file query_14.cif (mmCIF, C-alpha atoms)
data_my_file
#
loop_
_atom_site.label_atom_id
_atom_site.label_comp_id
_atom_site.auth_asym_id
_atom_site.auth_seq_id
_atom_site.Cartn_x
_atom_site.Cartn_y
_atom_site.Cartn_z
CA MET A 97 -21.39 13.27 -18.35
CA ALA A 98 -18.52 15.31 -19.74
CA LYS A 99 -15.74 15.17 -22.30
CA ILE A 100 -12.53 15.08 -20.27
CA MET A 101 -8.93 15.38 -21.47
CA VAL A 102 -6.27 13.67 -19.33
CA THR A 103 -2.60 14.51 -19.80
CA GLY A 104 0.03 12.01 -18.71
CA ALA A 105 -2.54 9.27 -19.35
CA THR A 106 0.15 6.59 -19.65
CA GLY A 107 1.67 7.41 -16.26
CA LEU A 108 0.97 5.94 -12.83
CA LEU A 109 -1.74 8.42 -11.85
CA GLY A 110 -2.99 9.15 -15.35
CA ARG A 111 -3.90 5.51 -16.02
CA ALA A 112 -5.95 5.32 -12.83
CA VAL A 113 -7.74 8.59 -13.65
CA VAL A 114 -8.58 7.45 -17.19
CA LYS A 115 -9.89 4.11 -15.89
CA GLN A 116 -12.10 5.73 -13.24
CA LEU A 117 -13.51 8.44 -15.52
CA LYS A 118 -14.42 5.88 -18.17
CA LEU A 119 -16.14 3.73 -15.53
CA ALA A 120 -18.10 6.83 -14.52
CA GLY A 121 -19.34 7.15 -18.11
CA HIS A 122 -17.35 10.17 -19.22
CA GLU A 123 -15.88 10.54 -22.70
CA VAL A 124 -12.14 10.50 -22.05
CA VAL A 125 -9.52 11.99 -24.36
CA ALA A 126 -6.30 10.39 -23.13
CA THR A 127 -2.99 12.00 -24.12
CA GLY A 128 0.59 10.92 -23.63
CA PHE A 129 3.92 11.09 -25.37
CA ASN A 130 6.59 8.43 -24.85
CA ARG A 131 4.10 5.59 -24.39
CA ALA A 132 1.27 6.82 -26.62
CA SER A 133 -0.79 4.08 -28.31
CA GLU A 134 -3.88 3.74 -30.46
CA ARG A 135 -5.99 4.50 -27.35
CA VAL A 136 -3.79 7.41 -26.27
CA TYR A 137 -3.23 10.48 -28.44
CA LYS A 138 0.42 11.41 -28.83
CA LEU A 139 0.74 15.05 -27.78
CA ASP A 140 3.92 16.96 -27.00
CA LEU A 141 2.89 19.29 -24.20
CA THR A 142 6.05 21.35 -24.71
CA ALA A 143 4.87 22.31 -28.22
CA PRO A 144 2.40 25.17 -27.59
CA THR A 145 0.96 25.30 -31.11
CA ASP A 146 0.19 21.58 -31.06
CA VAL A 147 -1.46 21.81 -27.65
CA GLU A 148 -3.57 24.81 -28.61
CA ALA A 149 -4.70 23.14 -31.84
CA PHE A 150 -5.51 19.86 -30.07
CA ILE A 151 -7.68 21.50 -27.43
CA ALA A 152 -9.42 23.74 -29.99
CA ARG A 153 -10.24 20.63 -32.04
CA GLU A 154 -11.28 18.27 -29.22
CA LEU A 155 -13.01 20.90 -27.07
CA PRO A 156 -12.89 19.06 -23.74
CA GLN A 157 -15.07 20.44 -20.97
CA VAL A 158 -12.52 19.41 -18.32
CA ILE A 159 -8.73 18.92 -18.43
CA VAL A 160 -6.97 16.86 -15.76
CA HIS A 161 -3.28 17.73 -16.03
CA CYS A 162 -1.41 14.71 -14.62
CA ALA A 163 1.71 14.97 -16.81
CA ALA A 164 4.81 16.17 -14.96
CA GLU A 165 8.44 15.50 -14.21
CA ARG A 166 7.92 14.04 -10.74
CA ARG A 167 11.40 12.76 -9.92
CA PRO A 168 13.22 15.25 -7.66
CA ASP A 169 16.68 13.95 -8.57
CA VAL A 170 15.97 14.14 -12.32
CA SER A 171 14.54 17.64 -11.91
CA GLU A 172 17.77 18.74 -10.21
CA GLN A 173 19.91 17.20 -12.95
CA HIS A 174 17.81 18.48 -15.87
CA PRO A 175 16.15 21.70 -14.67
CA GLN A 176 15.22 23.07 -18.09
CA ALA A 177 13.45 19.86 -19.09
CA ALA A 178 11.61 19.84 -15.76
CA LEU A 179 10.51 23.46 -16.21
CA ALA A 180 9.37 22.78 -19.78
CA LEU A 181 6.88 20.20 -18.49
CA ASN A 182 6.04 21.43 -15.00
CA LEU A 183 5.82 25.13 -15.81
CA THR A 184 5.73 26.03 -19.51
CA ALA A 185 3.43 23.19 -20.57
CA SER A 186 1.12 23.95 -17.64
CA GLN A 187 0.91 27.58 -18.76
CA THR A 188 0.06 26.54 -22.32
CA LEU A 189 -2.65 24.16 -21.12
CA ALA A 190 -4.14 26.72 -18.76
CA MET A 191 -4.31 29.41 -21.43
CA ALA A 192 -5.79 27.01 -23.99
CA ALA A 193 -8.30 25.73 -21.43
CA LYS A 194 -9.44 29.25 -20.64
CA ALA A 195 -9.67 30.18 -24.32
CA ASN A 196 -11.89 27.16 -24.99
CA ASN A 197 -14.01 27.33 -21.81
CA ALA A 198 -12.57 24.18 -20.26
CA TRP A 199 -12.09 23.68 -16.53
CA LEU A 200 -8.60 22.60 -15.45
CA ILE A 201 -7.36 20.50 -12.53
CA TYR A 202 -3.59 20.83 -12.09
CA ILE A 203 -1.95 17.97 -10.21
CA SER A 204 0.68 19.25 -7.79
CA THR A 205 2.71 17.91 -4.87
CA ASP A 206 3.21 18.05 -1.11
CA TYR A 207 6.82 19.03 -1.92
CA VAL A 208 5.74 22.68 -2.23
CA PHE A 209 6.22 22.65 1.58
CA ASP A 210 9.46 22.46 3.57
CA GLY A 211 8.31 19.67 5.88
CA VAL A 212 8.97 21.57 9.11
CA PHE A 213 5.44 22.31 10.39
CA PRO A 214 2.95 19.58 9.35
CA LYS A 215 0.06 19.09 8.88
CA TYR A 216 -0.14 21.64 6.11
CA ALA A 217 -3.45 23.33 5.40
CA GLU A 218 -4.34 24.38 1.87
CA ASP A 219 -3.52 28.02 2.67
CA ALA A 220 -0.28 27.28 4.55
CA ALA A 221 2.83 29.18 3.47
CA THR A 222 4.78 27.33 0.79
CA HIS A 223 8.53 26.89 0.95
CA PRO A 224 9.93 24.16 -1.34
CA VAL A 225 13.39 22.88 -0.45
CA ASN A 226 14.29 21.42 -3.86
CA PHE A 227 13.96 22.32 -7.52
CA TYR A 228 11.15 19.85 -8.13
CA GLY A 229 8.99 21.51 -5.50
CA GLU A 230 9.85 24.94 -6.87
CA SER A 231 8.87 23.95 -10.41
CA LYS A 232 5.52 22.54 -9.31
CA LEU A 233 4.79 25.61 -7.18
CA LYS A 234 5.47 27.86 -10.16
CA GLY A 235 3.08 25.70 -12.17
CA GLU A 236 0.40 26.18 -9.51
CA GLU A 237 0.84 29.94 -9.63
CA ILE A 238 0.69 30.06 -13.43
CA VAL A 239 -2.52 28.01 -13.51
CA LEU A 240 -4.36 29.97 -10.81
CA ASN A 241 -3.18 33.30 -12.23
CA THR A 242 -4.63 32.26 -15.59
CA SER A 243 -8.04 31.60 -14.05
CA SER A 244 -9.18 31.66 -10.44
CA ASP A 245 -11.85 29.11 -11.47
CA PHE A 246 -9.22 26.41 -12.00
CA ALA A 247 -8.26 23.90 -9.30
CA VAL A 248 -4.91 22.70 -7.95
CA LEU A 249 -4.77 19.26 -6.32
CA ARG A 250 -1.70 18.58 -4.18
CA LEU A 251 -0.80 14.93 -3.65
CA PRO A 252 1.76 12.97 -1.61
CA ILE A 253 3.80 9.89 -2.66
CA LEU A 254 1.77 7.52 -4.86
CA TYR A 255 1.33 3.83 -5.49
CA GLY A 256 -1.08 1.93 -7.72
CA GLN A 257 -1.33 -0.57 -10.55
CA VAL A 258 2.00 -0.67 -12.38
CA GLU A 259 3.59 -2.35 -15.36
CA GLN A 260 6.96 -2.21 -13.60
CA LEU A 261 7.55 -1.68 -9.87
CA SER A 262 9.90 1.23 -10.67
CA GLU A 263 6.87 3.32 -11.70
CA SER A 264 6.00 3.83 -8.03
CA ALA A 265 8.38 5.10 -5.36
CA VAL A 266 6.43 2.88 -2.95
CA LEU A 267 6.19 -0.40 -4.87
CA VAL A 268 9.81 -0.19 -6.03
CA LEU A 269 10.73 -0.82 -2.38
CA VAL A 270 9.90 -4.49 -2.96
CA HIS A 271 13.36 -4.81 -4.53
CA SER A 272 14.85 -4.08 -1.10
CA LEU A 273 13.05 -7.13 0.26
CA ILE A 274 14.39 -9.58 -2.30
CA GLU A 275 18.00 -8.36 -2.30
CA ARG A 276 18.50 -9.97 1.13
CA ARG A 277 21.75 -8.10 1.77
CA SER A 278 21.96 -5.84 4.80
CA HIS A 279 21.39 -2.22 3.83
CA ALA A 280 20.07 1.03 5.23
CA VAL A 281 16.51 2.18 4.52
CA ASP A 282 15.14 5.67 5.06
CA HIS A 283 13.49 5.94 8.47
CA TRP A 284 13.74 9.76 8.54
CA ALA A 285 11.37 11.23 5.95
CA ILE A 286 7.70 10.80 6.82
CA ARG A 287 5.36 10.34 3.87
CA SER A 288 1.67 9.58 3.33
CA PRO A 289 1.53 6.86 0.65
CA THR A 290 -1.73 7.22 -1.26
CA SER A 291 -3.46 4.94 -3.76
CA THR A 292 -3.91 6.26 -7.30
CA ALA A 293 -7.30 4.50 -7.41
CA ASP A 294 -8.29 6.44 -4.30
CA ILE A 295 -7.14 9.71 -5.86
CA ALA A 296 -8.93 8.93 -9.13
CA HIS A 297 -12.21 8.51 -7.23
CA GLY A 298 -11.57 11.86 -5.56
CA ILE A 299 -10.93 13.57 -8.90
CA ASP A 300 -14.07 11.97 -10.33
CA LYS A 301 -16.07 13.45 -7.44
CA MET A 302 -14.48 16.88 -7.92
CA ILE A 303 -15.49 16.83 -11.58
CA ALA A 304 -19.02 15.71 -10.70
CA LYS A 305 -19.41 18.65 -8.34
CA HIS A 306 -18.07 21.04 -10.99
CA ILE A 307 -20.54 19.66 -13.53
CA ASP A 308 -23.34 20.15 -10.98
CA ARG A 309 -22.21 23.80 -10.79
CA SER A 310 -20.76 23.56 -7.30
CA LEU A 311 -17.85 25.93 -6.80
CA VAL A 312 -14.65 23.86 -6.98
CA GLN A 313 -11.68 26.21 -7.38
CA GLY A 314 -8.34 27.06 -5.86
CA ILE A 315 -6.07 24.73 -3.88
CA TYR A 316 -7.06 21.33 -2.52
CA HIS A 317 -5.18 18.52 -0.76
CA PHE A 318 -5.84 14.80 -1.12
CA SER A 319 -3.93 12.31 1.01
CA ALA A 320 -4.34 9.02 2.81
CA ALA A 321 -4.40 9.42 6.58
CA GLU A 322 -1.48 7.15 7.50
CA ALA A 323 2.00 8.70 7.74
CA MET A 324 5.04 6.43 7.61
CA THR A 325 8.68 6.21 6.60
CA LYS A 326 9.92 3.99 3.79
CA TYR A 327 11.20 1.57 6.42
CA GLN A 328 7.71 1.31 7.88
CA MET A 329 6.25 0.80 4.40
CA LEU A 330 8.70 -2.06 3.90
CA LEU A 331 7.59 -3.73 7.11
CA VAL A 332 4.03 -3.82 5.75
CA LEU A 333 5.19 -5.02 2.31
CA GLY A 334 7.39 -7.69 3.86
CA GLU A 335 4.55 -9.10 5.94
CA MET A 336 2.21 -9.02 2.94
CA LEU A 337 4.66 -10.82 0.64
CA GLN A 338 5.92 -13.09 3.44
CA LEU A 339 9.48 -11.85 2.97
CA SER A 340 11.98 -11.17 5.74
CA THR A 341 12.77 -7.60 6.74
CA ALA A 342 15.55 -8.58 9.15
CA HIS A 343 18.24 -7.40 6.72
CA LEU A 344 16.84 -3.86 6.57
CA VAL A 345 18.56 -1.28 8.75
CA PRO A 346 16.45 1.80 9.62
CA GLU A 347 18.42 4.99 8.98
CA SER A 348 17.21 7.97 11.02
CA THR A 349 19.18 10.65 9.17
CA PRO A 350 18.66 11.97 5.62
CA MET A 351 20.01 9.55 3.01
CA ASP A 352 19.41 11.42 -0.24
CA ASN A 353 21.73 13.69 -2.21
CA THR A 354 18.69 15.71 -3.32
CA GLN A 355 17.33 17.75 -0.41
CA ARG A 356 13.89 16.58 0.62
CA PRO A 357 11.42 17.76 3.28
CA LYS A 358 11.06 15.67 6.44
CA ASP A 359 7.28 15.64 6.85
CA CYS A 360 4.84 17.23 4.40
CA SER A 361 1.70 15.60 5.77
CA LEU A 362 -1.32 17.35 4.32
CA SER A 363 -4.52 18.54 5.93
CA CYS A 364 -7.38 17.85 3.52
CA THR A 365 -9.99 20.12 5.07
CA ARG A 366 -11.30 21.74 1.89
CA LEU A 367 -12.14 18.46 0.14
CA ALA A 368 -13.55 16.99 3.33
CA ALA A 369 -15.87 19.98 3.56
CA ILE A 370 -17.46 18.95 0.25
CA GLY A 371 -17.62 15.27 1.15
CA ILE A 372 -14.47 14.02 -0.58
CA ARG A 373 -12.04 11.95 1.50
CA SER A 374 -9.46 9.21 1.12
CA GLU A 375 -11.20 5.84 1.46
CA ILE A 376 -8.32 3.33 1.14
CA ASN A 377 -5.78 2.57 3.88
CA PHE A 378 -2.22 1.54 3.09
CA ALA A 379 -2.48 -2.19 3.74
CA ALA A 380 -5.63 -2.60 1.65
CA GLY A 381 -4.50 -0.22 -1.06
CA VAL A 382 -1.06 -1.69 -1.55
CA ARG A 383 -2.49 -5.23 -1.62
CA GLN A 384 -4.91 -4.13 -4.33
CA ALA A 385 -2.09 -2.47 -6.27
CA LEU A 386 0.15 -5.55 -6.06
CA THR A 387 -2.71 -7.85 -7.06
CA GLN A 388 -3.37 -5.69 -10.13
CA SER A 389 0.38 -5.65 -10.85
CA SER A 390 0.80 -9.43 -10.67
CA GLY A 391 2.91 -9.46 -13.82
CA ALA A 392 5.53 -7.22 -12.20
CA LEU A 393 5.60 -9.51 -9.16
CA THR A 394 5.79 -12.69 -11.24
CA ALA A 395 8.81 -11.30 -13.06
CA LEU A 396 10.54 -11.23 -9.66
CA GLY A 397 9.35 -14.70 -8.71
CA LEU A 398 6.84 -13.33 -6.17
CA THR A 399 3.15 -13.91 -5.54
CA LEU A 400 0.68 -12.59 -3.01
#
call {"tool": "encode", "arguments": {"input": "query_14.cif", "output": "C-alpha cells"}}
result
Amino acid sequence: MAKIMVTGATGLLGRAVVKQLKLAGHEVVATGFNRASERVYKLDLTAPTDVEAFIARELPQVIVHCAAERRPDVSEQHPQAALALNLTASQTLAMAAKANNAWLIYISTDYVFDGVFPKYAEDAATHPVNFYGESKLKGEEIVLNTSSDFAVLRLPILYGQVEQLSESAVLVLVHSLIERRSHAVDHWAIRSPTSTADIAHGIDKMIAKHIDRSLVQGIYHFSAAEAMTKYQMLLVLGEMLQLSTAHLVPESTPMDNTQRPKDCSLSCTRLAAIGIRSEINFAAGVRQALTQSSGALTALGLTL
C-alpha cells in the first residue's frame, strides 16, 4: 500500500479517485480548495511555497493531479486563471514531486487533439483547437519534461456521482429532458462519455503496477468504447428516466461559441497492453451514477 496525494479531491473525478484508493487500502491525502473540509486539506495549488511545503511535510509516494480548469468556455474567458491551474500549478507539483521522490499522474484531456482524424493513439500529433486544450497540453509537456518517469492520463468527457447535475457535462443534460420546450441539442460533436468510477479503477491499477515496479510512464489514454453525441446521450437518459425526448431537435452543425473538436475518440492501446481497460458501458455507468446521485434527481422531482 502507498501514501497517495490527490489534488482536486472535491471535484467530480477527484472524489471517485479518493473513494477507490481508500477502498484499495491506500493512505490518501486529499486536497482541495473551494470545497475543502475536515477530510480534505485546503491547499492553494497556485501558491508554490505552500505546495512545496505541503509535499515536503506529507511525503506522498504518489500524486494524482486531478485539479484543473476543465471548462473550455471559462478557460477562454479567463485565460490567466486557467493557466495558473493547468500549467503553473502542474509545474510546481511536478518539481515538488521529483524533489521528494514521488511519482506523478497528470490528468489531461482528449481536447489536446483537433478531432479530425480519430481514433487518436497515444503518440498521435497533438493540435488543440481551443485555449483549454492548449493549456492542458502545455501542462503535459511541463510534467514530462520535469521527469520522464511521470505519467499523463488523457480522458474524455466524464460522468459520475454528483452533488449537483451541473458537475458533469453529461448528467447536466437531464435538464434538457425536463424543460419540455422544443430546442436544439448537439448532434455534431462525437464524445466518449466515461464513468469516473471506471477511471478511478484504472488509476488504482496504474498505481499498483508502479508499486510493483512495472514501468508506467509517459502518455496513456483511458476511455469508454462507446462514441456518441449529446443528442444520443439524451436518448439513453430519456429512456432510463422514462422522460420524453420528442421535444429535442438534433442539430448537426456546431452549436458552441467556443471552438471544439468534432471527434477526439481515443485509442487506449498502451493501457490495454498492461491489462487496464474500461469496464463500464454508458447505460450501466450512467444508471449507477444517477442512483448514487439520487439527491440531485430528487431535487428535480425525478427518480430512477
call {"tool": "closest_residue", "arguments": {"input": "query_14.cif", "among": "A:Val147, A:Ala177, A:Met302, A:Leu339", "to": "A:Gly371", "atoms": "all atoms listed in the file"}}
result
A:Met302
call {"tool": "residues_around", "arguments": {"input": "query_14.cif", "residues": "A:Gln176", "least_positions_apart": "3", "cutoff": "12 Å", "atoms": "only C-alpha atoms", "output": "ChimeraX atom specification"}}
result
/A:142,165,170-173,179-184,227-228,231
call {"tool": "residues_around", "arguments": {"input": "query_14.cif", "residues": "A:Tyr327", "least_positions_apart": "5", "cutoff": "10 Å", "atoms": "all atoms listed in the file", "output": "NGL selection string"}}
result
:A and (269 or 280-286 or 332-333 or 341 or 344-348)
call {"tool": "atom_distance", "arguments": {"input": "query_14.cif", "atom1": "atom CA of A:Tyr216", "atom2": "atom CA of A:Leu240"}}
result
19.3 Å
call {"tool": "resolve_selection", "arguments": {"input": "query_14.cif", "expression": "the PyMOL selection byres ((chain A and resi 129) around 7)", "output": "ChimeraX atom specification"}}
result
/A:128,130-132,138-140
call {"tool": "atom_distance", "arguments": {"input": "query_14.cif", "atom1": "atom CA of A:Pro214", "atom2": "atom CA of A:Ala369"}}
result
19.7 Å
call {"tool": "resolve_selection", "arguments": {"input": "query_14.cif", "expression": "the PyMOL selection byres ((chain A and resi 303-318) around 10)", "output": "PDB file with C-alpha atoms, in the frame of the given file"}}
result
ATOM      1  CA  MET A  97     -21.390  13.270 -18.350  1.00  0.00           C
ATOM      2  CA  ALA A  98     -18.520  15.310 -19.740  1.00  0.00           C
ATOM      3  CA  ILE A 100     -12.530  15.080 -20.270  1.00  0.00           C
ATOM      4  CA  LEU A 117     -13.510   8.440 -15.520  1.00  0.00           C
ATOM      5  CA  ALA A 120     -18.100   6.830 -14.520  1.00  0.00           C
ATOM      6  CA  GLN A 157     -15.070  20.440 -20.970  1.00  0.00           C
ATOM      7  CA  VAL A 158     -12.520  19.410 -18.320  1.00  0.00           C
ATOM      8  CA  ILE A 159      -8.730  18.920 -18.430  1.00  0.00           C
ATOM      9  CA  VAL A 160      -6.970  16.860 -15.760  1.00  0.00           C
ATOM     10  CA  TRP A 199     -12.090  23.680 -16.530  1.00  0.00           C
ATOM     11  CA  LEU A 200      -8.600  22.600 -15.450  1.00  0.00           C
ATOM     12  CA  ILE A 201      -7.360  20.500 -12.530  1.00  0.00           C
ATOM     13  CA  TYR A 202      -3.590  20.830 -12.090  1.00  0.00           C
ATOM     14  CA  ILE A 203      -1.950  17.970 -10.210  1.00  0.00           C
ATOM     15  CA  SER A 204       0.680  19.250  -7.790  1.00  0.00           C
ATOM     16  CA  THR A 205       2.710  17.910  -4.870  1.00  0.00           C
ATOM     17  CA  ASP A 206       3.210  18.050  -1.110  1.00  0.00           C
ATOM     18  CA  TYR A 216      -0.140  21.640   6.110  1.00  0.00           C
ATOM     19  CA  ALA A 217      -3.450  23.330   5.400  1.00  0.00           C
ATOM     20  CA  GLU A 218      -4.340  24.380   1.870  1.00  0.00           C
ATOM     21  CA  ASP A 219      -3.520  28.020   2.670  1.00  0.00           C
ATOM     22  CA  GLU A 236       0.400  26.180  -9.510  1.00  0.00           C
ATOM     23  CA  VAL A 239      -2.520  28.010 -13.510  1.00  0.00           C
ATOM     24  CA  LEU A 240      -4.360  29.970 -10.810  1.00  0.00           C
ATOM     25  CA  SER A 243      -8.040  31.600 -14.050  1.00  0.00           C
ATOM     26  CA  SER A 244      -9.180  31.660 -10.440  1.00  0.00           C
ATOM     27  CA  ASP A 245     -11.850  29.110 -11.470  1.00  0.00           C
ATOM     28  CA  PHE A 246      -9.220  26.410 -12.000  1.00  0.00           C
ATOM     29  CA  ALA A 247      -8.260  23.900  -9.300  1.00  0.00           C
ATOM     30  CA  VAL A 248      -4.910  22.700  -7.950  1.00  0.00           C
ATOM     31  CA  LEU A 249      -4.770  19.260  -6.320  1.00  0.00           C
ATOM     32  CA  ARG A 250      -1.700  18.580  -4.180  1.00  0.00           C
ATOM     33  CA  LEU A 251      -0.800  14.930  -3.650  1.00  0.00           C
ATOM     34  CA  PRO A 252       1.760  12.970  -1.610  1.00  0.00           C
ATOM     35  CA  THR A 290      -1.730   7.220  -1.260  1.00  0.00           C
ATOM     36  CA  ASP A 294      -8.290   6.440  -4.300  1.00  0.00           C
ATOM     37  CA  ILE A 295      -7.140   9.710  -5.860  1.00  0.00           C
ATOM     38  CA  HIS A 297     -12.210   8.510  -7.230  1.00  0.00           C
ATOM     39  CA  GLY A 298     -11.570  11.860  -5.560  1.00  0.00           C
ATOM     40  CA  ILE A 299     -10.930  13.570  -8.900  1.00  0.00           C
ATOM     41  CA  ASP A 300     -14.070  11.970 -10.330  1.00  0.00           C
ATOM     42  CA  LYS A 301     -16.070  13.450  -7.440  1.00  0.00           C
ATOM     43  CA  MET A 302     -14.480  16.880  -7.920  1.00  0.00           C
ATOM     44  CA  SER A 319      -3.930  12.310   1.010  1.00  0.00           C
ATOM     45  CA  ALA A 320      -4.340   9.020   2.810  1.00  0.00           C
ATOM     46  CA  ALA A 321      -4.400   9.420   6.580  1.00  0.00           C
ATOM     47  CA  SER A 361       1.700  15.600   5.770  1.00  0.00           C
ATOM     48  CA  LEU A 362      -1.320  17.350   4.320  1.00  0.00           C
ATOM     49  CA  SER A 363      -4.520  18.540   5.930  1.00  0.00           C
ATOM     50  CA  CYS A 364      -7.380  17.850   3.520  1.00  0.00           C
ATOM     51  CA  THR A 365      -9.990  20.120   5.070  1.00  0.00           C
ATOM     52  CA  ARG A 366     -11.300  21.740   1.890  1.00  0.00           C
ATOM     53  CA  LEU A 367     -12.140  18.460   0.140  1.00  0.00           C
ATOM     54  CA  ALA A 368     -13.550  16.990   3.330  1.00  0.00           C
ATOM     55  CA  ILE A 370     -17.460  18.950   0.250  1.00  0.00           C
ATOM     56  CA  ILE A 372     -14.470  14.020  -0.580  1.00  0.00           C
ATOM     57  CA  ARG A 373     -12.040  11.950   1.500  1.00  0.00           C
ATOM     58  CA  SER A 374      -9.460   9.210   1.120  1.00  0.00           C
TER      59      SER A 374
END
call {"tool": "residues_around", "arguments": {"input": "query_14.cif", "residues": "A:Arg356", "least_positions_apart": "2", "cutoff": "9 Å", "atoms": "all atoms listed in the file", "output": "list in words"}}
result
Pro168, Tyr207, Asp210, Gly211, Pro224, Val225, Asn226, Ala285, Pro350, Asp352, Asn353, Thr354 and Lys358 of chain A
call {"tool": "axis_aligned_box", "arguments": {"input": "query_14.cif", "around": "stretch 165-179 of chain A", "padding_each_side": "5 Å", "output": "lines of an AutoDock Vina configuration file"}}
result
center_x = 13.9
center_y = 18.1
center_z = -13.4
size_x = 22.0
size_y = 20.7
size_z = 21.4
call {"tool": "closest_residue", "arguments": {"input": "query_14.cif", "among": "A:Arg167, A:Arg153, A:His161, A:His122", "to": "A:Asn196", "atoms": "only C-alpha atoms"}}
result
A:Arg153
call {"tool": "closest_residue", "arguments": {"input": "query_14.cif", "among": "A:Ala190, A:Met329, A:Ala342, A:Val124", "to": "A:Phe378", "atoms": "all atoms listed in the file"}}
result
A:Met329
call {"tool": "atom_distance", "arguments": {"input": "query_14.cif", "atom1": "atom CA of A:Glu375", "atom2": "atom CA of A:Val212"}}
result
26.7 Å
call {"tool": "closest_residue", "arguments": {"input": "query_14.cif", "among": "A:Leu396, A:Val136, A:Leu330, A:Val266", "to": "A:Val102", "atoms": "all atoms listed in the file"}}
result
A:Val136
call {"tool": "closest_residue", "arguments": {"input": "query_14.cif", "among": "A:Leu109, A:Ala293, A:Leu393, A:Ile151", "to": "A:Thr188", "atoms": "only C-alpha atoms"}}
result
A:Ile151
call {"tool": "resolve_selection", "arguments": {"input": "query_14.cif", "expression": "the PyMOL selection byres ((chain A and resi 289) around 6)", "output": "PyMOL selection string"}}
result
chain A and resi 253-254+288+290
call {"tool": "closest_residue", "arguments": {"input": "query_14.cif", "among": "A:Ser262, A:Val125, A:Val208, A:His343", "to": "A:Ala220", "atoms": "only C-alpha atoms"}}
result
A:Val208
